[in-house]
Structures are given as C-alpha cells and as structure tokens.
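Structure file target.pdb; described as PDB, C-alpha atoms, pLDDT in the B column.
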```pdb
ATOM      1  CA  MET N   1      36.183  11.575 -11.105  1.00 61.00           C
ATOM      2  CA  GLY N   2      35.745   8.016  -9.977  1.00 79.00           C
ATOM      3  CA  THR N   3      35.823   9.096  -6.375  1.00 88.00           C
ATOM      4  CA  VAL N   4      33.044  11.605  -6.964  1.00 89.00           C
ATOM      5  CA  VAL N   5      30.897   8.933  -8.575  1.00 88.00           C
ATOM      6  CA  GLU N   6      31.517   6.523  -5.710  1.00 89.00           C
ATOM      7  CA  ILE N   7      30.725   9.103  -3.055  1.00 91.00           C
ATOM      8  CA  SER N   8      27.514  10.153  -4.781  1.00 91.00           C
ATOM      9  CA  SER N   9      26.551   6.499  -5.197  1.00 90.00           C
ATOM     10  CA  GLY N  10      27.018   5.900  -1.477  1.00 91.00           C
ATOM     11  CA  PHE N  11      25.037   9.044  -0.711  1.00 92.00           C
ATOM     12  CA  PHE N  12      22.124   7.923  -2.862  1.00 92.00           C
ATOM     13  CA  LEU N  13      22.181   4.449  -1.338  1.00 92.00           C
ATOM     14  CA  LEU N  14      22.207   5.833   2.190  1.00 93.00           C
ATOM     15  CA  VAL N  15      19.345   8.235   1.467  1.00 92.00           C
ATOM     16  CA  GLY N  16      17.370   5.382  -0.062  1.00 91.00           C
ATOM     17  CA  ALA N  17      18.034   3.160   2.945  1.00 92.00           C
ATOM     18  CA  PHE N  18      16.954   5.904   5.332  1.00 92.00           C
ATOM     19  CA  LEU N  19      13.756   6.577   3.384  1.00 92.00           C
ATOM     20  CA  SER N  20      12.990   2.856   3.276  1.00 92.00           C
ATOM     21  CA  VAL N  21      13.395   2.470   7.022  1.00 92.00           C
ATOM     22  CA  SER N  22      11.290   5.571   7.691  1.00 92.00           C
ATOM     23  CA  GLY N  23       8.563   4.207   5.441  1.00 90.00           C
ATOM     24  CA  GLY N  24       8.687   0.856   7.233  1.00 91.00           C
ATOM     25  CA  VAL N  25       8.379   2.534  10.623  1.00 91.00           C
ATOM     26  CA  GLY N  26       5.494   4.597   9.269  1.00 90.00           C
ATOM     27  CA  VAL N  27       3.750   1.469   8.049  1.00 90.00           C
ATOM     28  CA  MET N  28       3.985  -0.012  11.503  1.00 90.00           C
ATOM     29  CA  ARG N  29       3.045   3.064  13.505  1.00 89.00           C
ATOM     30  CA  PHE N  30       0.515   5.073  11.526  1.00 88.00           C
ATOM     31  CA  PRO N  31      -3.027   4.739  12.834  1.00 88.00           C
ATOM     32  CA  ASP N  32      -4.998   4.608   9.622  1.00 87.00           C
ATOM     33  CA  PHE N  33      -5.004   2.737   6.360  1.00 88.00           C
ATOM     34  CA  TYR N  34      -4.730   5.867   4.248  1.00 89.00           C
ATOM     35  CA  SER N  35      -1.869   7.330   6.235  1.00 89.00           C
ATOM     36  CA  ARG N  36      -0.121   3.974   5.991  1.00 90.00           C
ATOM     37  CA  MET N  37      -0.588   4.222   2.262  1.00 89.00           C
ATOM     38  CA  HIS N  38       1.182   7.570   2.344  1.00 89.00           C
ATOM     39  CA  ALA N  39       4.176   5.953   4.054  1.00 89.00           C
ATOM     40  CA  VAL N  40       4.211   3.147   1.528  1.00 90.00           C
ATOM     41  CA  GLY N  41       4.048   5.671  -1.293  1.00 88.00           C
ATOM     42  CA  VAL N  42       7.182   7.390  -0.011  1.00 87.00           C
ATOM     43  CA  THR N  43       8.931   4.060   0.276  1.00 88.00           C
ATOM     44  CA  ASP N  44       7.838   2.740  -3.070  1.00 87.00           C
ATOM     45  CA  THR N  45       8.764   5.625  -5.319  1.00 89.00           C
ATOM     46  CA  LEU N  46      11.357   7.877  -3.729  1.00 91.00           C
ATOM     47  CA  ALA N  47      13.390   5.273  -1.851  1.00 91.00           C
ATOM     48  CA  ALA N  48      13.324   2.886  -4.795  1.00 91.00           C
ATOM     49  CA  SER N  49      14.464   5.676  -7.117  1.00 92.00           C
ATOM     50  CA  MET N  50      17.289   6.635  -4.778  1.00 91.00           C
ATOM     51  CA  ILE N  51      18.540   3.060  -4.388  1.00 92.00           C
ATOM     52  CA  LEU N  52      18.333   2.365  -8.125  1.00 91.00           C
ATOM     53  CA  ILE N  53      20.163   5.594  -9.001  1.00 92.00           C
ATOM     54  CA  GLY N  54      22.824   4.683  -6.455  1.00 91.00           C
ATOM     55  CA  LEU N  55      23.184   1.285  -8.079  1.00 89.00           C
ATOM     56  CA  MET N  56      23.437   2.925 -11.505  1.00 89.00           C
ATOM     57  CA  LEU N  57      26.358   4.978 -10.293  1.00 89.00           C
ATOM     58  CA  GLN N  58      28.059   1.825  -9.023  1.00 85.00           C
ATOM     59  CA  MET N  59      28.632   0.488 -12.513  1.00 81.00           C
ATOM     60  CA  PRO N  60      28.303   3.187 -15.163  1.00 76.00           C
ATOM     61  CA  GLU N  61      29.130   2.398 -18.790  1.00 76.00           C
ATOM     62  CA  SER N  62      27.601  -1.038 -19.075  1.00 80.00           C
ATOM     63  CA  LEU N  63      24.339  -2.776 -19.961  1.00 85.00           C
ATOM     64  CA  VAL N  64      23.429  -2.883 -16.286  1.00 86.00           C
ATOM     65  CA  VAL N  65      22.438   0.776 -16.412  1.00 89.00           C
ATOM     66  CA  VAL N  66      19.856   0.050 -19.100  1.00 90.00           C
ATOM     67  CA  LYS N  67      18.292  -2.687 -16.991  1.00 89.00           C
ATOM     68  CA  LEU N  68      18.293  -0.440 -13.938  1.00 90.00           C
ATOM     69  CA  ILE N  69      16.599   2.343 -15.915  1.00 91.00           C
ATOM     70  CA  LEU N  70      14.009  -0.204 -17.046  1.00 91.00           C
ATOM     71  CA  ILE N  71      13.371  -1.277 -13.449  1.00 90.00           C
ATOM     72  CA  LEU N  72      13.147   2.374 -12.408  1.00 91.00           C
ATOM     73  CA  LEU N  73      10.624   3.183 -15.116  1.00 92.00           C
ATOM     74  CA  LEU N  74       8.555   0.117 -14.246  1.00 89.00           C
ATOM     75  CA  THR N  75       8.608   1.077 -10.576  1.00 89.00           C
ATOM     76  CA  LEU N  76       7.622   4.658 -11.289  1.00 90.00           C
ATOM     77  CA  PHE N  77       4.719   3.574 -13.460  1.00 89.00           C
ATOM     78  CA  ILE N  78       3.499   0.552 -11.527  1.00 87.00           C
ATOM     79  CA  ASN N  79       3.517   1.688  -7.918  1.00 88.00           C
ATOM     80  CA  PRO N  80       1.373   4.842  -8.269  1.00 89.00           C
ATOM     81  CA  THR N  81      -1.052   2.824 -10.374  1.00 87.00           C
ATOM     82  CA  ALA N  82      -1.305   0.151  -7.700  1.00 87.00           C
ATOM     83  CA  SER N  83      -1.686   2.772  -4.973  1.00 88.00           C
ATOM     84  CA  HIS N  84      -4.444   4.491  -6.902  1.00 88.00           C
ATOM     85  CA  ALA N  85      -6.285   1.224  -7.479  1.00 85.00           C
ATOM     86  CA  LEU N  86      -5.890   0.288  -3.827  1.00 86.00           C
ATOM     87  CA  ALA N  87      -7.237   3.586  -2.530  1.00 87.00           C
ATOM     88  CA  LYS N  88     -10.089   3.461  -5.007  1.00 84.00           C
ATOM     89  CA  ALA N  89     -11.019  -0.071  -3.995  1.00 84.00           C
ATOM     90  CA  ALA N  90     -10.815   0.802  -0.300  1.00 85.00           C
ATOM     91  CA  LEU N  91     -13.034   3.854  -0.714  1.00 84.00           C
ATOM     92  CA  HIS N  92     -15.379   1.907  -2.929  1.00 81.00           C
ATOM     93  CA  ASN N  93     -15.790  -0.711  -0.213  1.00 80.00           C
ATOM     94  CA  ASN N  94     -16.622   1.862   2.466  1.00 76.00           C
ATOM     95  CA  LEU N  95     -13.390   1.831   4.403  1.00 75.00           C
ATOM     96  CA  ALA N  96     -13.748   5.131   6.184  1.00 78.00           C
ATOM     97  CA  PRO N  97     -10.687   7.245   6.838  1.00 78.00           C
ATOM     98  CA  LEU N  98      -9.842   7.997  10.433  1.00 76.00           C
ATOM     99  CA  LEU N  99     -10.968  11.549  10.914  1.00 78.00           C
ATOM    100  CA  ASP N 100     -10.060  13.874  13.725  1.00 72.00           C
ATOM    101  CA  LYS N 101     -13.339  13.948  15.565  1.00 66.00           C
ATOM    102  CA  SER N 102     -12.408  14.702  19.141  1.00 61.00           C
ATOM    103  CA  GLY N 103      -8.757  15.599  18.960  1.00 55.00           C
ATOM    104  CA  ASP N 104      -7.461  12.266  20.187  1.00 52.00           C
ATOM    105  CA  ASN N 105      -5.940  10.943  17.031  1.00 50.00           C
ATOM    106  CA  ASN N 106      -2.526  10.544  18.592  1.00 52.00           C
ATOM    107  CA  ALA N 107      -3.485   9.291  21.998  1.00 48.00           C
ATOM    108  CA  GLY N 108      -3.384   5.508  21.924  1.00 47.00           C
ATOM    109  CA  ASP N 109      -3.439   4.390  18.382  1.00 47.00           C
ATOM    110  CA  ASP N 110      -0.512   2.023  18.025  1.00 48.00           C
ATOM    111  CA  SER N 111      -1.595  -1.136  19.708  1.00 47.00           C
ATOM    112  CA  SER N 112       0.515  -3.251  17.407  1.00 45.00           C
ATOM    113  CA  ASN N 113       3.920  -1.739  17.074  1.00 44.00           C
ATOM    114  CA  SER N 114       7.006  -3.801  17.568  1.00 41.00           C
TER
ATOM    115  CA  MET J   1      27.051   1.099   1.280  1.00 82.00           C
ATOM    116  CA  ILE J   2      25.407  -1.699  -0.657  1.00 86.00           C
ATOM    117  CA  ALA J   3      25.512  -3.892   2.450  1.00 89.00           C
ATOM    118  CA  VAL J   4      23.942  -1.129   4.541  1.00 90.00           C
ATOM    119  CA  ALA J   5      21.155  -0.655   2.016  1.00 90.00           C
ATOM    120  CA  THR J   6      20.599  -4.432   1.876  1.00 92.00           C
ATOM    121  CA  ILE J   7      20.244  -4.646   5.654  1.00 93.00           C
ATOM    122  CA  ALA J   8      17.838  -1.692   5.638  1.00 92.00           C
ATOM    123  CA  ILE J   9      15.741  -3.344   2.941  1.00 92.00           C
ATOM    124  CA  LEU J  10      15.644  -6.571   4.952  1.00 93.00           C
ATOM    125  CA  VAL J  11      14.459  -4.689   8.040  1.00 93.00           C
ATOM    126  CA  VAL J  12      11.757  -2.960   6.008  1.00 92.00           C
ATOM    127  CA  MET J  13      10.661  -6.319   4.589  1.00 92.00           C
ATOM    128  CA  ILE J  14      10.284  -7.668   8.125  1.00 93.00           C
ATOM    129  CA  LEU J  15       8.208  -4.612   9.074  1.00 91.00           C
ATOM    130  CA  ALA J  16       6.041  -4.976   5.971  1.00 91.00           C
ATOM    131  CA  ILE J  17       5.346  -8.650   6.555  1.00 91.00           C
ATOM    132  CA  THR J  18       4.484  -7.857  10.176  1.00 91.00           C
ATOM    133  CA  ARG J  19       1.925  -5.322   8.981  1.00 90.00           C
ATOM    134  CA  GLY J  20       0.630  -7.914   6.581  1.00 90.00           C
ATOM    135  CA  ILE J  21       0.100 -10.372   9.424  1.00 91.00           C
ATOM    136  CA  VAL J  22      -1.465  -8.008  11.964  1.00 89.00           C
ATOM    137  CA  GLY J  23      -3.209  -5.678   9.501  1.00 77.00           C
ATOM    138  CA  PRO J  24      -6.744  -4.941  10.636  1.00 83.00           C
ATOM    139  CA  THR J  25      -8.367  -4.810   7.235  1.00 84.00           C
ATOM    140  CA  LEU J  26      -7.894  -6.607   3.964  1.00 84.00           C
ATOM    141  CA  TYR J  27      -6.463  -3.493   2.339  1.00 86.00           C
ATOM    142  CA  ASP J  28      -3.704  -3.222   4.888  1.00 89.00           C
ATOM    143  CA  ARG J  29      -2.645  -6.706   3.904  1.00 89.00           C
ATOM    144  CA  ILE J  30      -2.744  -5.886   0.195  1.00 87.00           C
ATOM    145  CA  LEU J  31      -0.722  -2.738   0.880  1.00 89.00           C
ATOM    146  CA  ALA J  32       1.851  -4.721   2.844  1.00 90.00           C
ATOM    147  CA  VAL J  33       2.124  -7.321   0.095  1.00 89.00           C
ATOM    148  CA  ASN J  34       2.609  -4.576  -2.502  1.00 89.00           C
ATOM    149  CA  MET J  35       5.338  -2.980  -0.411  1.00 90.00           C
ATOM    150  CA  PHE J  36       6.935  -6.372   0.130  1.00 91.00           C
ATOM    151  CA  GLY J  37       7.003  -6.993  -3.598  1.00 90.00           C
ATOM    152  CA  THR J  38       8.658  -3.655  -4.321  1.00 90.00           C
ATOM    153  CA  LYS J  39      11.225  -4.338  -1.652  1.00 92.00           C
ATOM    154  CA  THR J  40      11.826  -7.750  -3.209  1.00 91.00           C
ATOM    155  CA  VAL J  41      12.748  -6.036  -6.473  1.00 91.00           C
ATOM    156  CA  LEU J  42      15.150  -3.721  -4.663  1.00 91.00           C
ATOM    157  CA  LEU J  43      16.638  -6.577  -2.663  1.00 92.00           C
ATOM    158  CA  LEU J  44      17.270  -8.588  -5.813  1.00 91.00           C
ATOM    159  CA  SER J  45      19.022  -5.632  -7.438  1.00 90.00           C
ATOM    160  CA  LEU J  46      21.148  -5.002  -4.357  1.00 91.00           C
ATOM    161  CA  LEU J  47      22.030  -8.675  -3.975  1.00 91.00           C
ATOM    162  CA  GLY J  48      23.106  -8.836  -7.593  1.00 89.00           C
ATOM    163  CA  PHE J  49      25.581  -6.036  -6.980  1.00 88.00           C
ATOM    164  CA  LEU J  50      26.617  -7.397  -3.599  1.00 88.00           C
ATOM    165  CA  MET J  51      27.432 -10.841  -4.965  1.00 89.00           C
ATOM    166  CA  GLY J  52      29.012  -9.511  -8.135  1.00 84.00           C
ATOM    167  CA  ARG J  53      26.400 -11.009 -10.411  1.00 83.00           C
ATOM    168  CA  PRO J  54      24.337  -8.241 -12.044  1.00 78.00           C
ATOM    169  CA  GLU J  55      22.354 -10.844 -13.981  1.00 83.00           C
ATOM    170  CA  PHE J  56      19.927 -10.767 -11.078  1.00 87.00           C
ATOM    171  CA  LEU J  57      18.465  -7.607 -12.574  1.00 88.00           C
ATOM    172  CA  ASP J  58      16.528  -9.656 -15.115  1.00 89.00           C
ATOM    173  CA  ILE J  59      14.854 -11.527 -12.276  1.00 90.00           C
ATOM    174  CA  ALA J  60      14.125  -8.178 -10.624  1.00 89.00           C
ATOM    175  CA  ILE J  61      12.322  -6.969 -13.755  1.00 90.00           C
ATOM    176  CA  VAL J  62      10.193 -10.115 -13.794  1.00 91.00           C
ATOM    177  CA  TYR J  63       9.384  -9.649 -10.107  1.00 90.00           C
ATOM    178  CA  ALA J  64       8.239  -6.083 -10.715  1.00 88.00           C
ATOM    179  CA  LEU J  65       5.821  -7.237 -13.397  1.00 89.00           C
ATOM    180  CA  ILE J  66       4.532 -10.139 -11.282  1.00 90.00           C
ATOM    181  CA  ASN J  67       3.972  -7.774  -8.360  1.00 87.00           C
ATOM    182  CA  PHE J  68       1.859  -5.411 -10.422  1.00 83.00           C
ATOM    183  CA  ILE J  69      -0.219  -8.200 -11.927  1.00 88.00           C
ATOM    184  CA  SER J  70      -0.859  -9.851  -8.559  1.00 87.00           C
ATOM    185  CA  VAL J  71      -1.899  -6.639  -6.805  1.00 82.00           C
ATOM    186  CA  THR J  72      -4.174  -5.603  -9.642  1.00 82.00           C
ATOM    187  CA  GLY J  73      -5.732  -9.057  -9.739  1.00 85.00           C
ATOM    188  CA  ILE J  74      -6.402  -9.105  -6.010  1.00 81.00           C
ATOM    189  CA  LEU J  75      -7.927  -5.640  -6.216  1.00 79.00           C
ATOM    190  CA  ARG J  76     -10.199  -6.655  -9.069  1.00 80.00           C
ATOM    191  CA  TYR J  77     -11.303  -9.670  -7.053  1.00 79.00           C
ATOM    192  CA  SER J  78     -11.978  -7.637  -3.927  1.00 73.00           C
ATOM    193  CA  ASP J  79     -13.822  -5.022  -5.956  1.00 71.00           C
ATOM    194  CA  ALA J  80     -16.132  -7.625  -7.419  1.00 70.00           C
ATOM    195  CA  LEU J  81     -16.555  -9.174  -3.990  1.00 65.00           C
ATOM    196  CA  GLY J  82     -17.227  -5.874  -2.288  1.00 58.00           C
ATOM    197  CA  SER J  83     -20.353  -5.120  -4.259  1.00 54.00           C
ATOM    198  CA  THR J  84     -22.156  -7.942  -2.487  1.00 49.00           C
ATOM    199  CA  VAL J  85     -20.178  -8.690   0.645  1.00 48.00           C
ATOM    200  CA  SER J  86     -18.315  -6.389   2.986  1.00 50.00           C
ATOM    201  CA  VAL J  87     -14.711  -7.505   2.768  1.00 48.00           C
ATOM    202  CA  ASP J  88     -13.551  -5.696   5.873  1.00 50.00           C
ATOM    203  CA  GLU J  89     -12.611  -8.380   8.322  1.00 50.00           C
ATOM    204  CA  LYS J  90     -13.345  -6.017  11.168  1.00 48.00           C
ATOM    205  CA  PRO J  91     -15.122  -2.709  11.056  1.00 49.00           C
ATOM    206  CA  GLU J  92     -12.800   0.199  10.787  1.00 48.00           C
ATOM    207  CA  LYS J  93     -12.857   1.050  14.455  1.00 48.00           C
ATOM    208  CA  LYS J  94     -10.041  -1.319  15.304  1.00 45.00           C
ATOM    209  CA  GLU J  95      -7.842   1.619  16.150  1.00 46.00           C
ATOM    210  CA  SER J  96      -9.596   3.518  18.872  1.00 43.00           C
TER
END
```
For this file, produce the structure as structure tokens.
Amino acid sequence: MGTVVEISSGFFLLVGAFLSVSGGVGVMRFPDFYSRMHAVGVTDTLAASMILIGLMLQMPESLVVVKLILILLLTLFINPTASHALAKAALHNNLAPLLDKSGDNNAGDDSSNS
Amino acid sequence: MIAVATIAILVVMILAITRGIVGPTLYDRILAVNMFGTKTVLLLSLLGFLMGRPEFLDIAIVYALINFISVTGILRYSDALGSTVSVDEKPEKKES
C-alpha cells in the first residue's frame, strides 16, 4: 500500500513538473499576450494542483495535508480570478489580440526566445 | 521526485522572470509576476518537503495571499491609469 502511494506521488510530481516546464516554454515562445495567458493558466492551475496532490501523497495522515488542501483551494480560487482581471484590464486598455490576418502568425514571431 | 519537481520549478521561474524583463507590454510583465508568485508558492512547498521541514507551508499560504493582493492592486492601478493614459509601453505590433 505504501509503495502504491509513493509511486502515485512520484507520478503526480512528474506530471506537474512537465506541465510547469511546458507552460514556461509557452510563456517564452507564444507570440501574443492572450496566448501567453493561456500557457500561464495551464501552469497556474493544473500544474500547481498536480504538484500539491503529489506532495499530499508524500505525507498522508498528518496536519500537512490540511495545509496543502488550503494552499490548493487558495490557488484554485485566486489564479483564475487574477487571470480574469488581467484579461479584462488588458482588453479595457485596448490591447488588441494578435489575429490571423494574412496567415503568417507562425512565421517569425519569437524574436526573444532563449 | 521532489528534487526533479524543484528543479523544474526553478527553470520555470527563470523563464517567467525572463518574460517579465523582455515583455513587450505592461500586461506581459504583470502576467509574468503573477506566474512567478504562484511558482514561489510551489517552490516553498517543495522545499519544505525537500528539507524535511513542512512548516514552510505556512509561509507558502502567506505568499499565495500576498500574490493575489499585489496583482489585484497593480491591475486596479493600471485600470485607473488606462482611462486617461495609454499604458502600453509600445503599441501592440511588437511581434510582427
């Protein structure tokens, strides 16, 4: 039973790490503010949930799980709210999304990747 | 596995702070700071488990609250500013 819990904990942590790295790469490479916000949304909710669930399975039956559930609930409430406010403020201040006007939206858009 | 996740979070934090430095508009910077704050919470949780001191989770809770308050405050400020002044540092045709 303990082995199953440890293996699932490692699985959740690895999935969370992969989703975090993919979100970070998306933040660096996406051409537009709104598509970058999509990458950050993936990283902020799903990857954080995966890593926190993996940490919960590291030490079940203690007070740590309650704190981790509290952090998870805060993350799941706070990050969509912040994303919504950010998109609303950006649209309100006339930041236009990058639309596909002439079919060249993947031609030379990452002038700042690392 | 905790060490692997910690290294991944550190890499993502480097990527986020790079986007915050080179971000073309103000909102890219706010987005990067928000992402950096969330990753700070995760890094604190992971470090607490990695160092065998799960008391770090309390600090992680406080960081989550501070992150939300700071992002909301900056957005309120930019919203009030944007009604009179365009806050885009460059027009949105930076990416061509």
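Taking atom CA of Ala82 of chain N and atom CA of Leu57 of chain N as the two end points, the separation is 28.2 Å.
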Residue hits in chain N, query chain J, radius 8 Å, all atoms listed in the file, as a PyMOL selection string: chain N and resi 10+13-14+16-18+20-21+23-25+27-28+31-33+37+40+43-44+48+51-52+55+64+67-68+70-71+74-75+78-79+82+85-86+89-90+92-93+95-96+108-112
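Here atom CA of Leu76 of chain N and atom CA of Asn94 of chain N stand 28.0 Å from one another.
Note that atom CA of Ile53 of chain N and atom CA of Leu44 of chain J are 14.8 Å apart.
Using all atoms listed in the file, the nearest neighbour of Phe30 of chain N within the list N:Ile7, N:Val15, N:Leu73, N:Leu98 is N:Leu98.
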Centre, edges in Å (one decimal): axis-aligned box, segment 17-20 of chain N, 5 Å padding on all six sides, as JSON:
```
{"center_x": 15.5, "center_y": 4.7, "center_z": 4.1, "size_x": 15.0, "size_y": 13.7, "size_z": 12.4}
```
From the coordinates supplied, segment 51-78 of chain J should be written with N, CA and C atoms, as a compact mmCIF listing (two decimals), in the first residue's frame.
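Saved result, decode.txt, follows:
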```
# COMPACT_ATOMS: atom_id res chain seq x y z
N MET J 51 13.60 19.64 2.49
CA MET J 51 14.48 19.85 3.63
C MET J 51 13.92 19.22 4.90
N GLY J 52 12.78 18.54 4.79
CA GLY J 52 12.23 17.88 5.96
C GLY J 52 11.61 18.81 6.97
N ARG J 53 11.21 19.99 6.51
CA ARG J 53 10.60 20.94 7.44
C ARG J 53 9.28 21.43 6.84
N PRO J 54 8.19 20.69 7.04
CA PRO J 54 6.92 21.09 6.42
C PRO J 54 6.30 22.34 7.03
N GLU J 55 6.99 23.00 7.94
CA GLU J 55 6.46 24.26 8.47
C GLU J 55 6.51 25.36 7.43
N PHE J 56 7.24 25.12 6.34
CA PHE J 56 7.29 26.12 5.27
C PHE J 56 5.94 26.34 4.62
N LEU J 57 5.01 25.43 4.83
CA LEU J 57 3.71 25.55 4.18
C LEU J 57 2.94 26.77 4.67
N ASP J 58 3.17 27.16 5.91
CA ASP J 58 2.53 28.38 6.42
C ASP J 58 3.00 29.60 5.63
N ILE J 59 4.33 29.63 5.37
CA ILE J 59 4.86 30.75 4.59
C ILE J 59 4.30 30.71 3.17
N ALA J 60 4.08 29.49 2.65
CA ALA J 60 3.52 29.37 1.30
C ALA J 60 2.10 29.93 1.25
N ILE J 61 1.32 29.69 2.29
CA ILE J 61 -0.04 30.25 2.33
C ILE J 61 0.01 31.77 2.31
N VAL J 62 0.91 32.33 3.12
CA VAL J 62 1.03 33.79 3.17
C VAL J 62 1.46 34.34 1.81
N TYR J 63 2.36 33.62 1.13
CA TYR J 63 2.80 34.08 -0.18
C TYR J 63 1.68 34.05 -1.19
N ALA J 64 0.80 33.05 -1.10
CA ALA J 64 -0.32 32.99 -2.04
C ALA J 64 -1.23 34.20 -1.84
N LEU J 65 -1.49 34.55 -0.60
CA LEU J 65 -2.36 35.71 -0.35
C LEU J 65 -1.71 37.01 -0.81
N ILE J 66 -0.40 37.15 -0.54
CA ILE J 66 0.31 38.37 -0.94
C ILE J 66 0.31 38.51 -2.46
N ASN J 67 0.47 37.38 -3.15
CA ASN J 67 0.49 37.39 -4.61
C ASN J 67 -0.83 37.90 -5.17
N PHE J 68 -1.92 37.40 -4.62
CA PHE J 68 -3.23 37.82 -5.11
C PHE J 68 -3.46 39.31 -4.86
N ILE J 69 -3.10 39.76 -3.66
CA ILE J 69 -3.33 41.17 -3.33
C ILE J 69 -2.48 42.07 -4.22
N SER J 70 -1.22 41.69 -4.48
CA SER J 70 -0.35 42.54 -5.27
C SER J 70 -0.83 42.62 -6.72
N VAL J 71 -1.22 41.48 -7.29
CA VAL J 71 -1.67 41.50 -8.68
C VAL J 71 -2.96 42.29 -8.82
N THR J 72 -3.88 42.10 -7.90
CA THR J 72 -5.13 42.85 -7.97
C THR J 72 -4.89 44.34 -7.79
N GLY J 73 -3.98 44.69 -6.91
CA GLY J 73 -3.67 46.11 -6.70
C GLY J 73 -3.05 46.74 -7.93
N ILE J 74 -2.11 46.04 -8.56
CA ILE J 74 -1.48 46.58 -9.76
C ILE J 74 -2.51 46.72 -10.88
N LEU J 75 -3.44 45.76 -10.96
CA LEU J 75 -4.44 45.85 -12.02
C LEU J 75 -5.41 46.99 -11.78
N ARG J 76 -5.77 47.22 -10.53
CA ARG J 76 -6.62 48.37 -10.22
C ARG J 76 -5.92 49.67 -10.62
N TYR J 77 -4.64 49.74 -10.29
CA TYR J 77 -3.86 50.94 -10.60
C TYR J 77 -3.78 51.16 -12.10
N SER J 78 -3.52 50.09 -12.85
CA SER J 78 -3.39 50.24 -14.30
C SER J 78 -4.74 50.52 -14.93
```
